>>> print(open('protein.txt').read())   # compact mmCIF, N, CA and C atoms
# COMPACT_ATOMS: atom_id res chain seq x y z
N MET K 9 -6.90 -28.14 34.14
CA MET K 9 -6.56 -28.57 35.50
C MET K 9 -5.04 -28.76 35.61
N THR K 10 -4.44 -29.36 34.61
CA THR K 10 -3.00 -29.58 34.62
C THR K 10 -2.24 -28.25 34.67
N GLU K 11 -2.70 -27.28 33.89
CA GLU K 11 -2.07 -25.97 33.90
C GLU K 11 -2.14 -25.33 35.28
N ALA K 12 -3.28 -25.47 35.94
CA ALA K 12 -3.43 -24.91 37.29
C ALA K 12 -2.47 -25.58 38.26
N LEU K 13 -2.34 -26.89 38.17
CA LEU K 13 -1.43 -27.62 39.06
C LEU K 13 0.02 -27.21 38.80
N ILE K 14 0.38 -27.06 37.53
CA ILE K 14 1.74 -26.64 37.21
C ILE K 14 1.98 -25.22 37.71
N GLY K 15 0.99 -24.35 37.55
CA GLY K 15 1.11 -22.98 38.06
C GLY K 15 1.30 -22.96 39.56
N ASN K 16 0.52 -23.78 40.27
CA ASN K 16 0.65 -23.85 41.74
C ASN K 16 2.02 -24.40 42.13
N TYR K 17 2.47 -25.42 41.43
CA TYR K 17 3.78 -26.02 41.71
C TYR K 17 4.89 -24.98 41.48
N HIS K 18 4.78 -24.22 40.42
CA HIS K 18 5.75 -23.17 40.13
C HIS K 18 5.78 -22.14 41.26
N THR K 19 4.60 -21.74 41.74
CA THR K 19 4.51 -20.77 42.83
C THR K 19 5.16 -21.32 44.09
N VAL K 20 4.90 -22.57 44.40
CA VAL K 20 5.50 -23.19 45.59
C VAL K 20 7.02 -23.19 45.47
N LEU K 21 7.52 -23.62 44.34
CA LEU K 21 8.98 -23.66 44.16
C LEU K 21 9.60 -22.27 44.22
N LYS K 22 8.93 -21.30 43.63
CA LYS K 22 9.45 -19.94 43.64
C LYS K 22 9.54 -19.39 45.06
N ASN K 23 8.58 -19.76 45.89
CA ASN K 23 8.53 -19.22 47.25
C ASN K 23 9.45 -19.93 48.23
N ILE K 24 10.04 -21.05 47.84
CA ILE K 24 10.95 -21.73 48.78
C ILE K 24 12.42 -21.57 48.35
N ASP K 25 12.66 -20.79 47.30
CA ASP K 25 14.03 -20.51 46.89
C ASP K 25 14.78 -19.80 48.01
N ASP K 26 16.10 -20.03 48.04
CA ASP K 26 16.94 -19.30 48.98
C ASP K 26 16.74 -17.81 48.80
N GLY K 27 16.44 -17.13 49.87
CA GLY K 27 16.21 -15.69 49.80
C GLY K 27 14.84 -15.32 49.28
N GLY K 28 14.02 -16.32 48.99
CA GLY K 28 12.66 -16.07 48.52
C GLY K 28 11.76 -15.64 49.66
N PRO K 29 10.51 -15.27 49.35
CA PRO K 29 9.60 -14.77 50.37
C PRO K 29 9.35 -15.74 51.53
N ALA K 30 9.27 -17.04 51.22
CA ALA K 30 9.03 -18.01 52.29
C ALA K 30 10.23 -18.08 53.24
N GLN K 31 11.43 -18.04 52.68
CA GLN K 31 12.63 -18.08 53.52
C GLN K 31 12.77 -16.82 54.37
N VAL K 32 12.45 -15.67 53.78
CA VAL K 32 12.51 -14.40 54.51
C VAL K 32 11.50 -14.41 55.65
N ALA K 33 10.28 -14.87 55.37
CA ALA K 33 9.24 -14.93 56.40
C ALA K 33 9.63 -15.90 57.51
N LEU K 34 10.20 -17.03 57.14
CA LEU K 34 10.63 -18.00 58.15
C LEU K 34 11.72 -17.42 59.04
N ALA K 35 12.68 -16.72 58.44
CA ALA K 35 13.75 -16.10 59.22
C ALA K 35 13.18 -15.05 60.17
N LYS K 36 12.23 -14.24 59.68
CA LYS K 36 11.62 -13.21 60.52
C LYS K 36 10.84 -13.83 61.67
N ALA K 37 10.06 -14.87 61.37
CA ALA K 37 9.28 -15.54 62.42
C ALA K 37 10.21 -16.17 63.45
N THR K 38 11.30 -16.76 62.98
CA THR K 38 12.26 -17.38 63.88
C THR K 38 12.88 -16.35 64.81
N GLU K 39 13.25 -15.22 64.26
CA GLU K 39 13.85 -14.14 65.05
C GLU K 39 12.86 -13.60 66.09
N MET K 40 11.63 -13.37 65.68
CA MET K 40 10.61 -12.85 66.59
C MET K 40 10.31 -13.84 67.70
N THR K 41 10.18 -15.12 67.34
CA THR K 41 9.88 -16.15 68.33
C THR K 41 11.04 -16.30 69.31
N ALA K 42 12.27 -16.28 68.81
CA ALA K 42 13.44 -16.41 69.69
C ALA K 42 13.50 -15.27 70.70
N GLY K 43 13.19 -14.06 70.26
CA GLY K 43 13.18 -12.92 71.18
C GLY K 43 12.14 -13.07 72.27
N ALA K 44 10.95 -13.51 71.88
CA ALA K 44 9.88 -13.69 72.87
C ALA K 44 10.22 -14.82 73.83
N VAL K 45 10.75 -15.91 73.31
CA VAL K 45 11.13 -17.05 74.16
C VAL K 45 12.24 -16.64 75.13
N LYS K 46 13.21 -15.87 74.65
CA LYS K 46 14.29 -15.40 75.52
C LYS K 46 13.73 -14.57 76.67
N ALA K 47 12.75 -13.73 76.37
CA ALA K 47 12.15 -12.89 77.41
C ALA K 47 11.44 -13.73 78.46
N LEU K 48 10.94 -14.89 78.06
CA LEU K 48 10.18 -15.75 78.99
C LEU K 48 11.00 -16.92 79.53
N GLN K 49 12.26 -17.02 79.14
CA GLN K 49 13.10 -18.13 79.55
C GLN K 49 13.19 -18.24 81.07
N GLY K 50 13.11 -19.46 81.56
CA GLY K 50 13.23 -19.71 82.98
C GLY K 50 11.91 -19.75 83.73
N LEU K 51 10.84 -19.37 83.06
CA LEU K 51 9.53 -19.45 83.70
C LEU K 51 8.99 -20.86 83.57
N ASP K 52 8.39 -21.37 84.63
CA ASP K 52 7.76 -22.67 84.49
C ASP K 52 6.27 -22.49 84.25
N GLU K 53 5.60 -23.58 83.94
CA GLU K 53 4.17 -23.49 83.59
C GLU K 53 3.29 -23.08 84.76
N GLU K 54 3.83 -23.10 85.96
CA GLU K 54 3.07 -22.71 87.14
C GLU K 54 3.23 -21.22 87.48
N ALA K 55 4.09 -20.52 86.74
CA ALA K 55 4.34 -19.11 87.03
C ALA K 55 3.07 -18.30 86.84
N GLY K 56 2.80 -17.45 87.79
CA GLY K 56 1.62 -16.60 87.72
C GLY K 56 1.86 -15.38 86.85
N THR K 57 0.80 -14.67 86.56
CA THR K 57 0.92 -13.49 85.71
C THR K 57 1.78 -12.41 86.35
N ALA K 58 1.76 -12.33 87.68
CA ALA K 58 2.58 -11.32 88.37
C ALA K 58 4.07 -11.60 88.14
N GLU K 59 4.47 -12.87 88.19
CA GLU K 59 5.87 -13.23 87.95
C GLU K 59 6.25 -12.94 86.50
N VAL K 60 5.37 -13.26 85.58
CA VAL K 60 5.64 -13.00 84.16
C VAL K 60 5.80 -11.49 83.95
N ALA K 61 4.89 -10.72 84.51
CA ALA K 61 4.95 -9.26 84.37
C ALA K 61 6.23 -8.70 85.00
N ARG K 62 6.63 -9.24 86.14
CA ARG K 62 7.84 -8.77 86.81
C ARG K 62 9.06 -9.02 85.94
N ARG K 63 9.16 -10.21 85.36
CA ARG K 63 10.31 -10.55 84.53
C ARG K 63 10.34 -9.76 83.22
N LEU K 64 9.19 -9.33 82.78
CA LEU K 64 9.10 -8.59 81.52
C LEU K 64 8.94 -7.09 81.75
N ASP K 65 9.27 -6.64 82.95
CA ASP K 65 9.13 -5.22 83.30
C ASP K 65 7.72 -4.70 83.04
N GLY K 66 6.75 -5.55 83.34
CA GLY K 66 5.34 -5.15 83.18
C GLY K 66 4.86 -5.14 81.75
N LYS K 67 5.67 -5.65 80.82
CA LYS K 67 5.33 -5.60 79.40
C LYS K 67 4.92 -6.97 78.88
N VAL K 68 3.91 -7.54 79.48
CA VAL K 68 3.44 -8.86 79.06
C VAL K 68 2.81 -8.79 77.68
N SER K 69 2.01 -7.79 77.44
CA SER K 69 1.28 -7.68 76.19
C SER K 69 2.19 -7.66 74.96
N PRO K 70 3.29 -6.88 74.94
CA PRO K 70 4.14 -6.89 73.75
C PRO K 70 4.72 -8.26 73.42
N VAL K 71 5.08 -9.04 74.45
CA VAL K 71 5.64 -10.36 74.20
C VAL K 71 4.59 -11.27 73.59
N VAL K 72 3.38 -11.23 74.13
CA VAL K 72 2.29 -12.05 73.59
C VAL K 72 1.99 -11.62 72.15
N LEU K 73 1.96 -10.33 71.90
CA LEU K 73 1.72 -9.84 70.54
C LEU K 73 2.83 -10.27 69.59
N THR K 74 4.07 -10.23 70.06
CA THR K 74 5.19 -10.66 69.23
C THR K 74 5.07 -12.13 68.87
N LEU K 75 4.71 -12.96 69.84
CA LEU K 75 4.51 -14.38 69.55
C LEU K 75 3.39 -14.58 68.54
N ALA K 76 2.28 -13.85 68.72
CA ALA K 76 1.17 -13.96 67.78
C ALA K 76 1.57 -13.52 66.38
N LYS K 77 2.33 -12.43 66.29
CA LYS K 77 2.78 -11.95 64.98
C LYS K 77 3.73 -12.96 64.35
N ALA K 78 4.61 -13.54 65.15
CA ALA K 78 5.54 -14.54 64.62
C ALA K 78 4.78 -15.73 64.06
N LEU K 79 3.76 -16.16 64.77
CA LEU K 79 2.94 -17.28 64.29
C LEU K 79 2.22 -16.89 63.00
N LEU K 80 1.74 -15.67 62.93
CA LEU K 80 1.06 -15.20 61.72
C LEU K 80 2.02 -15.15 60.53
N VAL K 81 3.22 -14.65 60.76
CA VAL K 81 4.23 -14.59 59.69
C VAL K 81 4.57 -16.00 59.23
N GLN K 82 4.76 -16.89 60.19
CA GLN K 82 5.12 -18.26 59.85
C GLN K 82 4.00 -18.96 59.09
N ALA K 83 2.76 -18.72 59.50
CA ALA K 83 1.62 -19.34 58.83
C ALA K 83 1.43 -18.81 57.41
N SER K 84 1.79 -17.54 57.21
CA SER K 84 1.64 -16.96 55.86
C SER K 84 2.64 -17.56 54.92
>>> encode(input="protein.txt", output="structure tokens")
Amino acid sequence: MTEALIGNYHTVLKNIDDGGPAQVALAKATEMTAGAVKALQGLDEEAGTAEVARRLDGKVSPVVLTLAKALLVQAS
């Protein structure tokens, strides 16, 4: 059990190193989320889908997919 805990601890530390996989994933998720938020900036919670589509040149789906992918990257 101790060996397993040490192995898990080692994996955690390895993945949070500067430039490690966790840092790279966090940077990617941050970039993706910032882009999606920028595209939706200025909309209030009462904005209808037509207004959202107008501001995004009818491309609502890609922004939603980008947010979902960013969340998936961040969760991984």
>>> residues_around(input="protein.txt", residues="stretch 67-83 of chain K", least_positions_apart="3", cutoff="7 Å", atoms="only C-alpha atoms", output="list of chain:residue names")
K:Ala33, K:Leu34, K:Ala37, K:Met40, K:Thr41, K:Ala44, K:Val60, K:Ala61, K:Leu64
>>> select_by_dssp(input="protein.txt", residues="chain K", states="helix (DSSP H, G or I)", output="mmCIF file with N, CA and C atoms, in the frame of the given file")
data_model
loop_
_atom_site.group_PDB
_atom_site.id
_atom_site.type_symbol
_atom_site.label_atom_id
_atom_site.label_comp_id
_atom_site.auth_asym_id
_atom_site.auth_seq_id
_atom_site.Cartn_x
_atom_site.Cartn_y
_atom_site.Cartn_z
ATOM 1 N N THR K 10 -4.440 -29.360 34.610
ATOM 2 C CA THR K 10 -3.000 -29.580 34.620
ATOM 3 C C THR K 10 -2.240 -28.250 34.670
ATOM 4 N N GLU K 11 -2.700 -27.280 33.890
ATOM 5 C CA GLU K 11 -2.070 -25.970 33.900
ATOM 6 C C GLU K 11 -2.140 -25.330 35.280
ATOM 7 N N ALA K 12 -3.280 -25.470 35.940
ATOM 8 C CA ALA K 12 -3.430 -24.910 37.290
ATOM 9 C C ALA K 12 -2.470 -25.580 38.260
ATOM 10 N N LEU K 13 -2.340 -26.890 38.170
ATOM 11 C CA LEU K 13 -1.430 -27.620 39.060
ATOM 12 C C LEU K 13 0.020 -27.210 38.800
ATOM 13 N N ILE K 14 0.380 -27.060 37.530
ATOM 14 C CA ILE K 14 1.740 -26.640 37.210
ATOM 15 C C ILE K 14 1.980 -25.220 37.710
ATOM 16 N N GLY K 15 0.990 -24.350 37.550
ATOM 17 C CA GLY K 15 1.110 -22.980 38.060
ATOM 18 C C GLY K 15 1.300 -22.960 39.560
ATOM 19 N N ASN K 16 0.520 -23.780 40.270
ATOM 20 C CA ASN K 16 0.650 -23.850 41.740
ATOM 21 C C ASN K 16 2.020 -24.400 42.130
ATOM 22 N N TYR K 17 2.470 -25.420 41.430
ATOM 23 C CA TYR K 17 3.780 -26.020 41.710
ATOM 24 C C TYR K 17 4.890 -24.980 41.480
ATOM 25 N N HIS K 18 4.780 -24.220 40.420
ATOM 26 C CA HIS K 18 5.750 -23.170 40.130
ATOM 27 C C HIS K 18 5.780 -22.140 41.260
ATOM 28 N N THR K 19 4.600 -21.740 41.740
ATOM 29 C CA THR K 19 4.510 -20.770 42.830
ATOM 30 C C THR K 19 5.160 -21.320 44.090
ATOM 31 N N VAL K 20 4.900 -22.570 44.400
ATOM 32 C CA VAL K 20 5.500 -23.190 45.590
ATOM 33 C C VAL K 20 7.020 -23.190 45.470
ATOM 34 N N LEU K 21 7.520 -23.620 44.340
ATOM 35 C CA LEU K 21 8.980 -23.660 44.160
ATOM 36 C C LEU K 21 9.600 -22.270 44.220
ATOM 37 N N LYS K 22 8.930 -21.300 43.630
ATOM 38 C CA LYS K 22 9.450 -19.940 43.640
ATOM 39 C C LYS K 22 9.540 -19.390 45.060
ATOM 40 N N ASN K 23 8.580 -19.760 45.890
ATOM 41 C CA ASN K 23 8.530 -19.220 47.250
ATOM 42 C C ASN K 23 9.450 -19.930 48.230
ATOM 43 N N PRO K 29 10.510 -15.270 49.350
ATOM 44 C CA PRO K 29 9.600 -14.770 50.370
ATOM 45 C C PRO K 29 9.350 -15.740 51.530
ATOM 46 N N ALA K 30 9.270 -17.040 51.220
ATOM 47 C CA ALA K 30 9.030 -18.010 52.290
ATOM 48 C C ALA K 30 10.230 -18.080 53.240
ATOM 49 N N GLN K 31 11.430 -18.040 52.680
ATOM 50 C CA GLN K 31 12.630 -18.080 53.520
ATOM 51 C C GLN K 31 12.770 -16.820 54.370
ATOM 52 N N VAL K 32 12.450 -15.670 53.780
ATOM 53 C CA VAL K 32 12.510 -14.400 54.510
ATOM 54 C C VAL K 32 11.500 -14.410 55.650
ATOM 55 N N ALA K 33 10.280 -14.870 55.370
ATOM 56 C CA ALA K 33 9.240 -14.930 56.400
ATOM 57 C C ALA K 33 9.630 -15.900 57.510
ATOM 58 N N LEU K 34 10.200 -17.030 57.140
ATOM 59 C CA LEU K 34 10.630 -18.000 58.150
ATOM 60 C C LEU K 34 11.720 -17.420 59.040
ATOM 61 N N ALA K 35 12.680 -16.720 58.440
ATOM 62 C CA ALA K 35 13.750 -16.100 59.220
ATOM 63 C C ALA K 35 13.180 -15.050 60.170
ATOM 64 N N LYS K 36 12.230 -14.240 59.680
ATOM 65 C CA LYS K 36 11.620 -13.210 60.520
ATOM 66 C C LYS K 36 10.840 -13.830 61.670
ATOM 67 N N ALA K 37 10.060 -14.870 61.370
ATOM 68 C CA ALA K 37 9.280 -15.540 62.420
ATOM 69 C C ALA K 37 10.210 -16.170 63.450
ATOM 70 N N THR K 38 11.300 -16.760 62.980
ATOM 71 C CA THR K 38 12.260 -17.380 63.880
ATOM 72 C C THR K 38 12.880 -16.350 64.810
ATOM 73 N N GLU K 39 13.250 -15.220 64.260
ATOM 74 C CA GLU K 39 13.850 -14.140 65.050
ATOM 75 C C GLU K 39 12.860 -13.600 66.090
ATOM 76 N N MET K 40 11.630 -13.370 65.680
ATOM 77 C CA MET K 40 10.610 -12.850 66.590
ATOM 78 C C MET K 40 10.310 -13.840 67.700
ATOM 79 N N THR K 41 10.180 -15.120 67.340
ATOM 80 C CA THR K 41 9.880 -16.150 68.330
ATOM 81 C C THR K 41 11.040 -16.300 69.310
ATOM 82 N N ALA K 42 12.270 -16.280 68.810
ATOM 83 C CA ALA K 42 13.440 -16.410 69.690
ATOM 84 C C ALA K 42 13.500 -15.270 70.700
ATOM 85 N N GLY K 43 13.190 -14.060 70.260
ATOM 86 C CA GLY K 43 13.180 -12.920 71.180
ATOM 87 C C GLY K 43 12.140 -13.070 72.270
ATOM 88 N N ALA K 44 10.950 -13.510 71.880
ATOM 89 C CA ALA K 44 9.880 -13.690 72.870
ATOM 90 C C ALA K 44 10.220 -14.820 73.830
ATOM 91 N N VAL K 45 10.750 -15.910 73.310
ATOM 92 C CA VAL K 45 11.130 -17.050 74.160
ATOM 93 C C VAL K 45 12.240 -16.640 75.130
ATOM 94 N N LYS K 46 13.210 -15.870 74.650
ATOM 95 C CA LYS K 46 14.290 -15.400 75.520
ATOM 96 C C LYS K 46 13.730 -14.570 76.670
ATOM 97 N N ALA K 47 12.750 -13.730 76.370
ATOM 98 C CA ALA K 47 12.150 -12.890 77.410
ATOM 99 C C ALA K 47 11.440 -13.730 78.460
ATOM 100 N N LEU K 48 10.940 -14.890 78.060
ATOM 101 C CA LEU K 48 10.180 -15.750 78.990
ATOM 102 C C LEU K 48 11.000 -16.920 79.530
ATOM 103 N N THR K 57 0.800 -14.670 86.560
ATOM 104 C CA THR K 57 0.920 -13.490 85.710
ATOM 105 C C THR K 57 1.780 -12.410 86.350
ATOM 106 N N ALA K 58 1.760 -12.330 87.680
ATOM 107 C CA ALA K 58 2.580 -11.320 88.370
ATOM 108 C C ALA K 58 4.070 -11.600 88.140
ATOM 109 N N GLU K 59 4.470 -12.870 88.190
ATOM 110 C CA GLU K 59 5.870 -13.230 87.950
ATOM 111 C C GLU K 59 6.250 -12.940 86.500
ATOM 112 N N VAL K 60 5.370 -13.260 85.580
ATOM 113 C CA VAL K 60 5.640 -13.000 84.160
ATOM 114 C C VAL K 60 5.800 -11.490 83.950
ATOM 115 N N ALA K 61 4.890 -10.720 84.510
ATOM 116 C CA ALA K 61 4.950 -9.260 84.370
ATOM 117 C C ALA K 61 6.230 -8.700 85.000
ATOM 118 N N ARG K 62 6.630 -9.240 86.140
ATOM 119 C CA ARG K 62 7.840 -8.770 86.810
ATOM 120 C C ARG K 62 9.060 -9.020 85.940
ATOM 121 N N ARG K 63 9.160 -10.210 85.360
ATOM 122 C CA ARG K 63 10.310 -10.550 84.530
ATOM 123 C C ARG K 63 10.340 -9.760 83.220
ATOM 124 N N VAL K 68 3.910 -7.540 79.480
ATOM 125 C CA VAL K 68 3.440 -8.860 79.060
ATOM 126 C C VAL K 68 2.810 -8.790 77.680
ATOM 127 N N SER K 69 2.010 -7.790 77.440
ATOM 128 C CA SER K 69 1.280 -7.680 76.190
ATOM 129 C C SER K 69 2.190 -7.660 74.960
ATOM 130 N N PRO K 70 3.290 -6.880 74.940
ATOM 131 C CA PRO K 70 4.140 -6.890 73.750
ATOM 132 C C PRO K 70 4.720 -8.260 73.420
ATOM 133 N N VAL K 71 5.080 -9.040 74.450
ATOM 134 C CA VAL K 71 5.640 -10.360 74.200
ATOM 135 C C VAL K 71 4.590 -11.270 73.590
ATOM 136 N N VAL K 72 3.380 -11.230 74.130
ATOM 137 C CA VAL K 72 2.290 -12.050 73.590
ATOM 138 C C VAL K 72 1.990 -11.620 72.150
ATOM 139 N N LEU K 73 1.960 -10.330 71.900
ATOM 140 C CA LEU K 73 1.720 -9.840 70.540
ATOM 141 C C LEU K 73 2.830 -10.270 69.590
ATOM 142 N N THR K 74 4.070 -10.230 70.060
ATOM 143 C CA THR K 74 5.190 -10.660 69.230
ATOM 144 C C THR K 74 5.070 -12.130 68.870
ATOM 145 N N LEU K 75 4.710 -12.960 69.840
ATOM 146 C CA LEU K 75 4.510 -14.380 69.550
ATOM 147 C C LEU K 75 3.390 -14.580 68.540
ATOM 148 N N ALA K 76 2.280 -13.850 68.720
ATOM 149 C CA ALA K 76 1.170 -13.960 67.780
ATOM 150 C C ALA K 76 1.570 -13.520 66.380
ATOM 151 N N LYS K 77 2.330 -12.430 66.290
ATOM 152 C CA LYS K 77 2.780 -11.950 64.980
ATOM 153 C C LYS K 77 3.730 -12.960 64.350
ATOM 154 N N ALA K 78 4.610 -13.540 65.150
ATOM 155 C CA ALA K 78 5.540 -14.540 64.620
ATOM 156 C C ALA K 78 4.780 -15.730 64.060
ATOM 157 N N LEU K 79 3.760 -16.160 64.770
ATOM 158 C CA LEU K 79 2.940 -17.280 64.290
ATOM 159 C C LEU K 79 2.220 -16.890 63.000
ATOM 160 N N LEU K 80 1.740 -15.670 62.930
ATOM 161 C CA LEU K 80 1.060 -15.200 61.720
ATOM 162 C C LEU K 80 2.020 -15.150 60.530
ATOM 163 N N VAL K 81 3.220 -14.650 60.760
ATOM 164 C CA VAL K 81 4.230 -14.590 59.690
ATOM 165 C C VAL K 81 4.570 -16.000 59.230
ATOM 166 N N GLN K 82 4.760 -16.890 60.190
ATOM 167 C CA GLN K 82 5.120 -18.260 59.850
ATOM 168 C C GLN K 82 4.000 -18.960 59.090
ATOM 169 N N ALA K 83 2.760 -18.720 59.500
ATOM 170 C CA ALA K 83 1.620 -19.340 58.830
ATOM 171 C C ALA K 83 1.430 -18.810 57.410
#
>>> atom_distance(input="protein.txt", atom1="atom CA of K:Val32", atom2="atom CA of K:Thr19")
15.5 Å
>>> axis_aligned_box(input="protein.txt", around="stretch 36-43 of chain K", padding_each_side="3 Å", output="JSON")
{"center_x": 11.6, "center_y": -15.1, "center_z": 66.0, "size_x": 10.6, "size_y": 10.5, "size_z": 18.6}
>>> atom_distance(input="protein.txt", atom1="atom N of K:Glu39", atom2="atom N of K:Gly56")
25.8 Å
>>> atom_distance(input="protein.txt", atom1="atom N of K:Glu54", atom2="atom CA of K:Thr38")
24.3 Å
>>> residues_near_point(input="protein.txt", point="(12.4, -16.6, 80.2)", cutoff="12 Å", atoms="only C-alpha atoms", output="list in words")
Ala42, Gly43, Ala44, Val45, Lys46, Ala47, Leu48, Gln49, Gly50, Leu51, Asp52, Glu53, Ala55, Glu59, Val60, Ala61, Arg62, Arg63, Leu64, Val68 and Val71 of chain K
